[in-house]
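Peer 1: Structure file query_12.cif (mmCIF, C-alpha atoms) right here:
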data_final
#
loop_
_atom_site.label_atom_id
_atom_site.label_comp_id
_atom_site.auth_asym_id
_atom_site.auth_seq_id
_atom_site.Cartn_x
_atom_site.Cartn_y
_atom_site.Cartn_z
CA MET A 5 164.72 40.76 147.09
CA THR A 6 164.60 41.79 143.48
CA PHE A 7 165.45 38.26 142.32
CA LYS A 8 162.71 36.70 144.46
CA LEU A 9 160.10 39.14 143.18
CA HIS A 10 160.82 38.20 139.55
CA LYS A 11 160.49 34.54 140.39
CA LEU A 12 157.10 35.11 142.06
CA LEU A 13 155.56 37.21 139.29
CA PRO A 14 154.81 34.36 136.85
CA VAL A 15 153.19 32.37 139.67
CA SER A 16 151.05 35.36 140.69
CA ALA A 17 149.99 35.94 137.10
CA ALA A 18 149.00 32.31 136.73
CA VAL A 19 146.91 32.49 139.90
CA VAL A 20 145.11 35.61 138.65
CA ALA A 21 144.49 34.04 135.24
CA PHE A 22 143.15 30.85 136.82
CA ALA A 23 140.86 32.86 139.10
CA ALA A 24 139.53 34.80 136.11
CA LEU A 25 138.88 31.61 134.17
CA SER A 26 137.11 30.08 137.15
CA ALA A 27 134.93 33.15 137.56
CA ASN A 28 134.00 33.10 133.87
CA ALA A 29 133.20 29.40 134.02
CA GLY A 30 130.77 30.04 136.86
CA ALA A 31 129.21 33.12 135.28
CA ASP A 32 125.75 32.91 133.72
CA GLN A 33 125.51 32.98 129.94
CA VAL A 34 123.48 36.03 128.90
CA VAL A 35 120.98 35.19 126.15
CA LYS A 36 119.05 37.96 124.41
CA ILE A 37 115.42 37.65 123.36
CA GLY A 38 114.23 40.45 121.10
CA HIS A 39 110.90 42.19 121.34
CA VAL A 40 109.61 44.68 118.78
CA GLY A 41 106.47 46.80 118.83
CA PRO A 42 105.43 50.43 118.50
CA LEU A 43 106.71 52.29 121.58
CA THR A 44 106.03 55.65 119.93
CA GLY A 45 103.10 56.84 117.83
CA GLY A 46 99.38 56.12 118.02
CA SER A 47 99.77 52.45 118.99
CA ALA A 48 102.48 52.99 121.62
CA HIS A 49 100.15 51.91 124.44
CA LEU A 50 99.66 48.55 122.72
CA GLY A 51 103.36 48.12 121.99
CA LYS A 52 104.28 48.84 125.59
CA ASP A 53 101.67 46.34 126.79
CA ASN A 54 103.23 43.69 124.56
CA GLU A 55 106.72 44.54 125.79
CA ASN A 56 105.53 44.36 129.39
CA GLY A 57 104.22 40.83 128.86
CA ALA A 58 107.60 39.70 127.51
CA ARG A 59 109.44 41.51 130.30
CA LEU A 60 107.28 39.87 132.98
CA ALA A 61 108.07 36.41 131.60
CA ILE A 62 111.81 37.08 131.44
CA GLU A 63 111.90 38.46 134.97
CA GLU A 64 110.05 35.40 136.27
CA ILE A 65 112.31 32.94 134.47
CA ASN A 66 115.45 34.69 135.71
CA ALA A 67 114.13 34.76 139.28
CA LYS A 68 113.49 31.01 139.20
CA GLY A 69 116.83 30.27 137.54
CA LEU A 70 117.39 28.76 134.11
CA THR A 71 119.89 26.09 133.08
CA ILE A 72 120.27 25.04 129.44
CA GLY A 73 122.63 22.21 128.51
CA GLY A 74 124.29 22.38 131.93
CA GLN A 75 124.99 26.12 131.62
CA LYS A 76 123.31 28.70 133.82
CA VAL A 77 121.50 31.22 131.63
CA THR A 78 120.28 34.75 132.28
CA LEU A 79 117.77 36.11 129.79
CA ALA A 80 117.93 39.73 128.65
CA LEU A 81 115.13 41.55 126.86
CA ASP A 82 116.34 43.45 123.78
CA GLY A 83 113.39 45.79 123.27
CA GLN A 84 113.07 47.83 120.07
CA ASP A 85 110.59 50.40 118.74
CA ASP A 86 109.28 50.03 115.19
CA ALA A 87 106.65 52.81 115.56
CA ALA A 88 104.31 50.49 113.56
CA ASP A 89 106.21 51.66 110.48
CA PRO A 90 107.29 49.11 107.84
CA ARG A 91 110.60 50.84 107.07
CA GLN A 92 111.56 51.27 110.71
CA ALA A 93 110.52 47.65 111.32
CA THR A 94 113.16 46.37 108.90
CA GLN A 95 115.82 48.60 110.47
CA VAL A 96 115.22 47.33 113.99
CA ALA A 97 114.94 43.76 112.70
CA GLN A 98 118.47 44.04 111.33
CA LYS A 99 119.62 45.53 114.64
CA LEU A 100 118.24 42.52 116.51
CA VAL A 101 120.03 40.18 114.09
CA ASP A 102 123.24 42.13 114.70
CA ASP A 103 122.61 41.91 118.46
CA LYS A 104 122.57 38.11 118.05
CA VAL A 105 119.20 37.53 119.70
CA VAL A 106 118.10 33.89 119.98
CA ALA A 107 114.51 34.72 119.00
CA VAL A 108 112.19 37.66 118.35
CA ILE A 109 108.78 38.27 119.88
CA GLY A 110 107.00 40.63 117.49
CA HIS A 111 106.10 42.62 115.65
CA LEU A 112 102.70 43.91 116.75
CA ASN A 113 101.29 45.06 113.39
CA SER A 114 101.09 42.86 110.29
CA GLY A 115 102.43 45.81 108.28
CA ALA A 116 105.61 45.66 110.36
CA SER A 117 105.84 41.88 110.87
CA ILE A 118 105.65 41.03 107.17
CA PRO A 119 108.58 43.14 105.88
CA ALA A 120 110.70 42.32 108.94
CA SER A 121 110.11 38.58 108.53
CA LYS A 122 112.44 38.34 105.51
CA ILE A 123 115.34 39.62 107.61
CA TYR A 124 114.73 37.09 110.38
CA SER A 125 114.31 34.33 107.81
CA ASP A 126 117.64 35.17 106.16
CA ALA A 127 119.29 35.11 109.61
CA GLY A 128 117.61 31.86 110.69
CA ILE A 129 116.02 33.43 113.77
CA VAL A 130 112.53 32.42 114.89
CA GLN A 131 109.93 35.22 114.93
CA ILE A 132 106.79 34.73 117.01
CA SER A 133 104.20 37.46 116.58
CA PRO A 134 101.75 37.93 119.46
CA SER A 135 99.28 39.95 117.43
CA SER A 136 99.88 40.04 113.65
CA THR A 137 96.79 38.54 112.03
CA ASN A 138 97.19 39.06 108.27
CA PRO A 139 97.30 35.56 106.70
CA ALA A 140 100.13 36.63 104.36
CA TYR A 141 102.58 36.76 107.29
CA THR A 142 102.86 32.97 107.43
CA GLN A 143 102.24 32.33 103.73
CA GLN A 144 105.65 33.47 102.47
CA GLY A 145 107.31 30.07 102.73
CA PHE A 146 109.61 31.11 105.59
CA LYS A 147 110.48 28.52 108.24
CA THR A 148 110.93 31.22 110.88
CA THR A 149 107.47 32.86 111.04
CA TYR A 150 105.02 31.88 113.79
CA ARG A 151 102.12 33.52 115.60
CA VAL A 152 100.15 32.80 118.79
CA VAL A 153 96.87 34.38 117.63
CA ALA A 154 94.26 33.45 115.04
CA THR A 155 94.37 35.00 111.56
CA ASP A 156 92.13 37.47 109.77
CA ALA A 157 90.95 34.59 107.61
CA GLN A 158 89.26 33.43 110.82
CA GLN A 159 88.61 36.79 112.50
CA GLY A 160 86.94 38.53 109.53
CA PRO A 161 84.45 35.69 108.93
CA ALA A 162 83.66 35.36 112.66
CA LEU A 163 82.85 39.06 112.88
CA ALA A 164 80.74 38.96 109.71
CA ASP A 165 78.90 35.86 110.90
CA TYR A 166 78.07 37.53 114.22
CA ALA A 167 76.88 40.67 112.42
CA ALA A 168 74.56 38.67 110.15
CA LYS A 169 73.16 36.20 112.66
CA SER A 170 73.17 38.09 115.97
CA LEU A 171 72.86 41.73 114.88
CA ASN A 172 70.67 41.01 111.82
CA VAL A 173 72.84 43.26 109.62
CA LYS A 174 71.58 43.35 106.02
CA THR A 175 73.66 46.21 104.60
CA VAL A 176 77.20 47.25 105.52
CA ALA A 177 79.75 49.88 104.52
CA VAL A 178 83.43 48.92 104.80
CA VAL A 179 86.32 51.28 105.61
CA ASP A 180 89.98 50.32 106.06
CA ASP A 181 93.14 52.20 107.03
CA SER A 182 95.20 51.05 104.00
CA THR A 183 97.62 49.01 106.15
CA ALA A 184 98.38 45.31 105.68
CA TYR A 185 96.36 44.63 108.83
CA GLY A 186 93.37 46.92 108.32
CA GLN A 187 92.94 46.23 104.62
CA GLY A 188 93.45 42.50 105.05
CA LEU A 189 90.87 42.22 107.82
CA ALA A 190 88.35 44.38 105.94
CA ASN A 191 88.72 42.24 102.82
CA GLU A 192 88.20 39.01 104.76
CA PHE A 193 85.11 40.50 106.43
CA GLU A 194 83.72 41.69 103.10
CA LYS A 195 84.12 38.29 101.42
CA THR A 196 82.20 36.53 104.17
CA ALA A 197 79.58 39.27 104.46
CA LYS A 198 78.73 38.87 100.77
CA SER A 199 78.62 35.08 101.06
CA LEU A 200 76.13 35.45 103.92
CA GLY A 201 73.85 37.62 101.79
CA MET A 202 74.80 41.01 103.23
CA LYS A 203 74.91 43.90 100.76
CA VAL A 204 78.22 45.80 100.87
CA VAL A 205 77.15 49.31 99.88
CA SER A 206 80.68 50.74 99.67
CA HIS A 207 84.33 50.14 100.53
CA ASP A 208 86.42 53.24 101.31
CA ALA A 209 90.03 53.68 102.40
CA THR A 210 91.60 56.16 104.79
CA ASN A 211 95.07 55.92 106.41
CA ASP A 212 96.51 55.00 109.81
CA LYS A 213 97.39 58.63 110.63
CA ALA A 214 93.96 60.10 109.83
CA VAL A 215 92.10 62.18 112.42
CA ASP A 216 89.16 63.53 110.42
CA PHE A 217 86.72 60.98 108.94
CA ARG A 218 83.79 63.30 108.35
CA ALA A 219 83.95 63.22 104.53
CA ILE A 220 83.81 59.42 104.39
CA LEU A 221 81.19 59.25 107.13
CA THR A 222 78.97 61.86 105.48
CA LYS A 223 79.00 59.78 102.29
CA ILE A 224 78.20 56.63 104.26
CA LYS A 225 75.37 58.41 106.06
CA GLY A 226 73.73 58.91 102.68
CA GLU A 227 74.07 55.16 101.99
CA ASN A 228 72.27 54.42 105.28
CA PRO A 229 73.82 50.98 106.06
CA ASP A 230 72.90 48.88 109.08
CA ALA A 231 76.58 48.69 110.07
CA ILE A 232 80.02 50.05 109.23
CA MET A 233 83.01 47.71 109.38
CA TYR A 234 86.24 49.55 110.20
CA GLY A 235 89.61 47.84 109.62
CA GLY A 236 92.27 49.64 111.63
CA MET A 237 93.66 50.37 115.10
CA ASP A 238 92.05 51.94 118.16
CA ALA A 239 93.93 55.23 117.72
CA THR A 240 91.87 55.88 114.59
CA GLY A 241 88.91 53.59 115.26
CA GLY A 242 87.96 55.52 118.41
CA PRO A 243 87.72 58.92 116.68
CA PHE A 244 86.02 57.22 113.71
CA ALA A 245 83.21 55.92 115.94
CA LYS A 246 82.98 59.21 117.83
CA GLN A 247 82.61 61.25 114.63
CA ALA A 248 80.04 58.76 113.28
CA ARG A 249 77.91 59.41 116.36
CA GLN A 250 78.38 63.18 116.10
CA LEU A 251 77.12 63.03 112.51
CA GLY A 252 74.03 61.12 113.63
CA LEU A 253 74.77 57.78 111.94
CA ARG A 254 72.58 55.02 113.32
CA ALA A 255 74.84 52.24 112.01
CA LYS A 256 76.58 49.85 114.40
CA VAL A 257 80.38 50.02 114.11
CA LEU A 258 82.13 46.65 113.68
CA ALA A 259 85.89 46.30 114.14
CA GLY A 260 88.70 43.81 114.69
CA ASP A 261 91.31 43.28 117.36
CA GLY A 262 93.23 46.47 116.57
CA VAL A 263 90.27 48.48 117.84
CA CYS A 264 89.13 46.05 120.55
CA THR A 265 91.24 47.43 123.42
CA GLU A 266 90.76 48.69 126.95
CA SER A 267 91.72 52.19 125.76
CA LEU A 268 88.89 52.37 123.22
CA ALA A 269 86.43 53.83 125.71
CA GLN A 270 88.74 56.81 126.23
CA LEU A 271 89.34 57.24 122.50
CA ALA A 272 85.70 56.88 121.41
CA GLY A 273 83.93 58.34 124.43
CA THR A 274 80.30 57.31 124.72
CA ALA A 275 80.40 56.10 121.09
CA ALA A 276 82.30 53.02 122.32
CA ASP A 277 78.92 51.61 123.34
CA ASN A 278 77.99 51.43 119.64
CA ILE A 279 80.97 49.18 118.76
CA VAL A 280 81.12 45.39 118.41
CA CYS A 281 84.65 44.08 117.95
CA SER A 282 86.62 40.87 117.74
CA GLN A 283 89.84 39.62 119.32
CA ALA A 284 91.99 37.00 117.58
CA GLY A 285 92.50 34.93 120.71
CA MET A 286 90.88 33.68 123.86
CA ALA A 287 89.36 36.37 126.07
CA LEU A 288 91.53 37.14 129.09
CA GLU A 289 88.65 36.38 131.45
CA ARG A 290 88.24 32.93 129.84
CA MET A 291 91.95 32.02 129.91
CA GLU A 292 92.69 29.31 132.44
CA GLY A 293 95.58 31.34 133.82
CA GLY A 294 94.05 34.73 133.05
CA ALA A 295 93.18 35.82 136.58
CA ALA A 296 96.60 34.95 137.98
CA PHE A 297 98.34 36.64 135.07
CA SER A 298 96.23 39.78 135.45
CA ALA A 299 97.12 40.01 139.14
CA LYS A 300 100.86 39.58 138.43
CA TYR A 301 100.75 42.15 135.65
CA GLN A 302 98.88 44.67 137.79
CA LYS A 303 101.32 44.22 140.67
CA ARG A 304 104.40 44.60 138.45
CA PHE A 305 103.32 47.49 136.23
CA GLY A 306 100.67 49.28 138.30
CA HIS A 307 97.87 49.11 135.73
CA PRO A 308 95.68 46.46 134.09
CA VAL A 309 96.51 44.45 130.98
CA GLU A 310 95.77 46.51 127.87
CA TYR A 311 95.42 43.68 125.38
CA ASP A 312 98.08 41.26 124.08
CA ALA A 313 100.46 41.00 127.05
CA PRO A 314 99.45 37.37 127.82
CA PHE A 315 100.43 36.42 124.26
CA THR A 316 103.94 37.92 124.46
CA TYR A 317 104.33 36.36 127.91
CA ASP A 318 103.57 32.89 126.56
CA ALA A 319 105.71 33.50 123.47
CA VAL A 320 108.78 33.98 125.69
CA TYR A 321 108.02 30.74 127.53
CA ILE A 322 107.60 28.96 124.18
CA VAL A 323 111.11 30.09 123.18
CA VAL A 324 112.53 28.89 126.51
CA ASP A 325 110.69 25.59 126.11
CA ALA A 326 112.41 25.19 122.73
CA MET A 327 115.79 25.99 124.33
CA LYS A 328 115.23 23.27 126.91
CA ARG A 329 114.26 20.69 124.30
CA ALA A 330 117.26 21.69 122.17
CA SER A 331 119.60 21.73 125.21
CA SER A 332 121.03 24.79 123.52
CA THR A 333 120.70 28.55 123.19
CA ASP A 334 121.93 28.47 119.60
CA ALA A 335 119.35 30.25 117.42
CA ALA A 336 119.38 27.56 114.71
CA LYS A 337 118.89 24.75 117.21
CA VAL A 338 116.11 26.64 118.99
CA LEU A 339 114.38 27.30 115.67
CA ALA A 340 114.54 23.59 114.83
CA GLN A 341 112.52 22.79 117.97
CA ILE A 342 109.72 25.32 117.44
CA PRO A 343 107.63 23.19 115.01
CA GLY A 344 107.30 20.52 117.73
CA THR A 345 105.91 22.98 120.28
CA ASP A 346 103.07 21.75 122.48
CA TYR A 347 103.01 24.32 125.25
CA LYS A 348 100.26 24.92 127.80
CA GLY A 349 100.38 28.45 129.17
CA VAL A 350 98.22 31.42 130.09
CA ILE A 351 96.59 31.66 126.64
CA GLY A 352 95.90 27.91 126.50
CA GLU A 353 97.58 25.19 124.47
CA THR A 354 99.89 26.32 121.67
CA VAL A 355 100.47 23.87 118.82
CA PHE A 356 101.60 25.16 115.43
CA ASP A 357 100.64 23.91 111.98
CA SER A 358 103.11 23.55 109.12
CA LYS A 359 102.88 27.26 108.22
CA GLY A 360 103.42 28.53 111.76
CA ASP A 361 99.77 29.33 112.52
CA LEU A 362 97.89 27.99 115.52
CA LYS A 363 96.21 24.65 114.90
CA HIS A 364 93.27 25.71 117.06
CA GLY A 365 92.48 29.42 116.67
CA VAL A 366 89.93 31.19 118.86
CA ILE A 367 87.98 34.41 118.21
CA SER A 368 86.42 36.40 121.06
CA LEU A 369 83.65 38.93 120.41
CA TYR A 370 83.07 42.00 122.56
CA ALA A 371 80.79 44.98 123.02
CA TYR A 372 81.21 48.02 125.27
CA LYS A 373 78.66 48.76 127.95
CA ALA A 374 78.96 52.10 129.74
CA GLY A 375 82.52 52.17 128.40
CA LYS A 376 83.44 48.76 129.80
CA LYS A 377 84.67 46.04 127.44
CA THR A 378 82.22 43.14 127.80
CA LEU A 379 82.54 39.63 126.38
CA LEU A 380 79.74 38.54 124.05
CA ASP A 381 80.90 35.19 122.71
CA VAL A 382 83.91 32.94 122.08
CA VAL A 383 84.15 31.13 118.74
CA LYS A 384 86.54 28.19 118.41
CA MET A 385 87.77 27.78 114.85
#
Could the structure of this file be written out as structure tokens, please?
Peer 2:
Amino acid sequence: MTFKLHKLLPVSAAVVAFAALSANAGADQVVKIGHVGPLTGGSAHLGKDNENGARLAIEEINAKGLTIGGQKVTLALDGQDDAADPRQATQVAQKLVDDKVVAVIGHLNSGASIPASKIYSDAGIVQISPSSTNPAYTQQGFKTTYRVVATDAQQGPALADYAAKSLNVKTVAVVDDSTAYGQGLANEFEKTAKSLGMKVVSHDATNDKAVDFRAILTKIKGENPDAIMYGGMDATGGPFAKQARQLGLRAKVLAGDGVCTESLAQLAGTAADNIVCSQAGMALERMEGGAAFSAKYQKRFGHPVEYDAPFTYDAVYIVVDAMKRASSTDAAKVLAQIPGTDYKGVIGETVFDSKGDLKHGVISLYAYKAGKKTLLDVVKM
């Protein structure tokens, strides 16, 4: 009996080994896609909305089944929090590189995307931002930086043009939050405002953590402008507009996409109705697939789209489209396919120029009526 057992053991081990190899051969390859945005801090609601859009896309793709180069693939979302902080952004960027993600969707803020982009470039990993609008992001010479929204070089002029021609603004005060996004947008607005004959009476700076704007607003009240352009996010833009109303300023408040959110009405109260803002992409209600996406998002997460979720959703599909064309999940091979992207999704057709910007940017303009975000116009650039 003992002799027979020893003779059988090598055979049994071989069978077990073969079974394990067969199981591994049939197992799906897990491919990580990174997402980064602020999940804590004043912009956490926007970061979570972005993450939800990416998550929805990944869940859909996995449910349908994905095969790349003959290998079954399961996508995994590697979500990270940069708190909209440049230093933390570089730390989580390195973590995603170490996690061997195939691509990164993010970051939300230009001030986070720009410093993180060097790390992704050095690693040869494509970065697609769903919401960073500062032109400098794609002007660094990196072959890895892309975005699926228009830039502030388009958004600032569109907002200034609307202010001059539709609101008849003659004088304007400019305030920015000293971030790459807020300052960049304010500067682009100011350049165009001056070229259109508007008088810029002042340009002041605050910061992205500020809560009290009364000193700046009191000074601006004395300047008596027709409008105030605020470059920043909704977490500060809402209180800024509210305090302007409390101080009795008659000026219309103009702002960019960082302020132009569904949450603004809660943050600004009734002062939201005095705001005109821009969005660096097609309005959700004008997107060909917008209604269907909104319904899916509402069903999955139990609340409406906040802002940029359709852009992160499409960004994931753009990465998967590149995988299919590359017949590979290798980051370098996926990156090589991104410049040839011609993808039709929820946000429309995405085609990149040589820098990684959209070839056909769109700016949407909004006002708030009784606290409800209401589309005014869509400008194709």
Peer 1: Report, in Å with one decimal, the straight-line distance from CA of Asp156 (chain A) to CA of Arg290 (chain A).
Peer 2: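 Pair CA of Asp156 (chain A) / CA of Arg290 (chain A) returns 20.9 Å.
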Peer 1: Identify which of the residues A:Gln283, A:Thr265, A:Ser199, A:Ser358 lies closest to Thr345 (chain A), counting all atoms listed in the file when measuring atom-to-atom distances.
Peer 2: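 Going through A:Gln283, A:Thr265, A:Ser199, A:Ser358 one by one, the smallest distance to Thr345 (chain A) is for A:Ser358.
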Peer 1: Would you mind listing, for every residue of region 264-376 of chain A within 12 Å of region 29-52 of chain A, the two atoms forming the shortest contact and the distance between them in Å to one decimal, using only C-alpha atoms, sorted by chain and ascending residue number, as a Markdown table?
Peer 2:
| residue | atom | partner | partner_atom | distance |
| --- | --- | --- | --- | --- |
| A:Cys264 | CA | A:Leu50 | CA | 11.0 |
| A:Thr265 | CA | A:Leu50 | CA | 8.5 |
| A:Glu266 | CA | A:Leu50 | CA | 9.9 |
| A:Ser267 | CA | A:His49 | CA | 8.5 |
| A:Leu268 | CA | A:His49 | CA | 11.3 |
| A:Leu271 | CA | A:Gly46 | CA | 11.1 |
| A:Phe305 | CA | A:Lys52 | CA | 10.8 |
| A:His307 | CA | A:His49 | CA | 11.9 |
| A:Pro308 | CA | A:His49 | CA | 12.0 |
| A:Val309 | CA | A:Leu50 | CA | 9.7 |
| A:Glu310 | CA | A:Leu50 | CA | 6.8 |
| A:Tyr311 | CA | A:Leu50 | CA | 7.0 |
| A:Asp312 | CA | A:Leu50 | CA | 7.6 |
| A:Ala313 | CA | A:Leu50 | CA | 8.7 |
| A:Thr316 | CA | A:His39 | CA | 8.7 |
| A:Tyr317 | CA | A:His39 | CA | 11.0 |
| A:Ala319 | CA | A:His39 | CA | 10.3 |
| A:Val320 | CA | A:Ile37 | CA | 7.9 |
| A:Tyr321 | CA | A:Ile37 | CA | 10.9 |
| A:Ile322 | CA | A:Ile37 | CA | 11.7 |
| A:Val323 | CA | A:Ile37 | CA | 8.7 |
| A:Val324 | CA | A:Ile37 | CA | 9.7 |
| A:Met327 | CA | A:Val35 | CA | 10.7 |
| A:Ser332 | CA | A:Val35 | CA | 10.7 |
| A:Thr333 | CA | A:Val35 | CA | 7.3 |
| A:Asp334 | CA | A:Val35 | CA | 9.4 |
| A:Ala335 | CA | A:Val35 | CA | 10.2 |
| A:Val338 | CA | A:Ile37 | CA | 11.9 |
Peer 1: Between CA of Ala116 (chain A) and CA of Asp53 (chain A), what is the distance in Å, rounded to a tenth?
Peer 2: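 Interatomic distance here is 16.9 Å.
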Peer 1: Please identify all polymer residues within 12 Å of Ala154 (chain A), counting all atoms listed in the file, omitting same-chain residues fewer than 4 positions from it, and present them as a ChimeraX atom specification.
Peer 2: /A:133-139,141-142,150,158-162,189,260-261,282-286,315,351,354,356-357,360-368,383-385
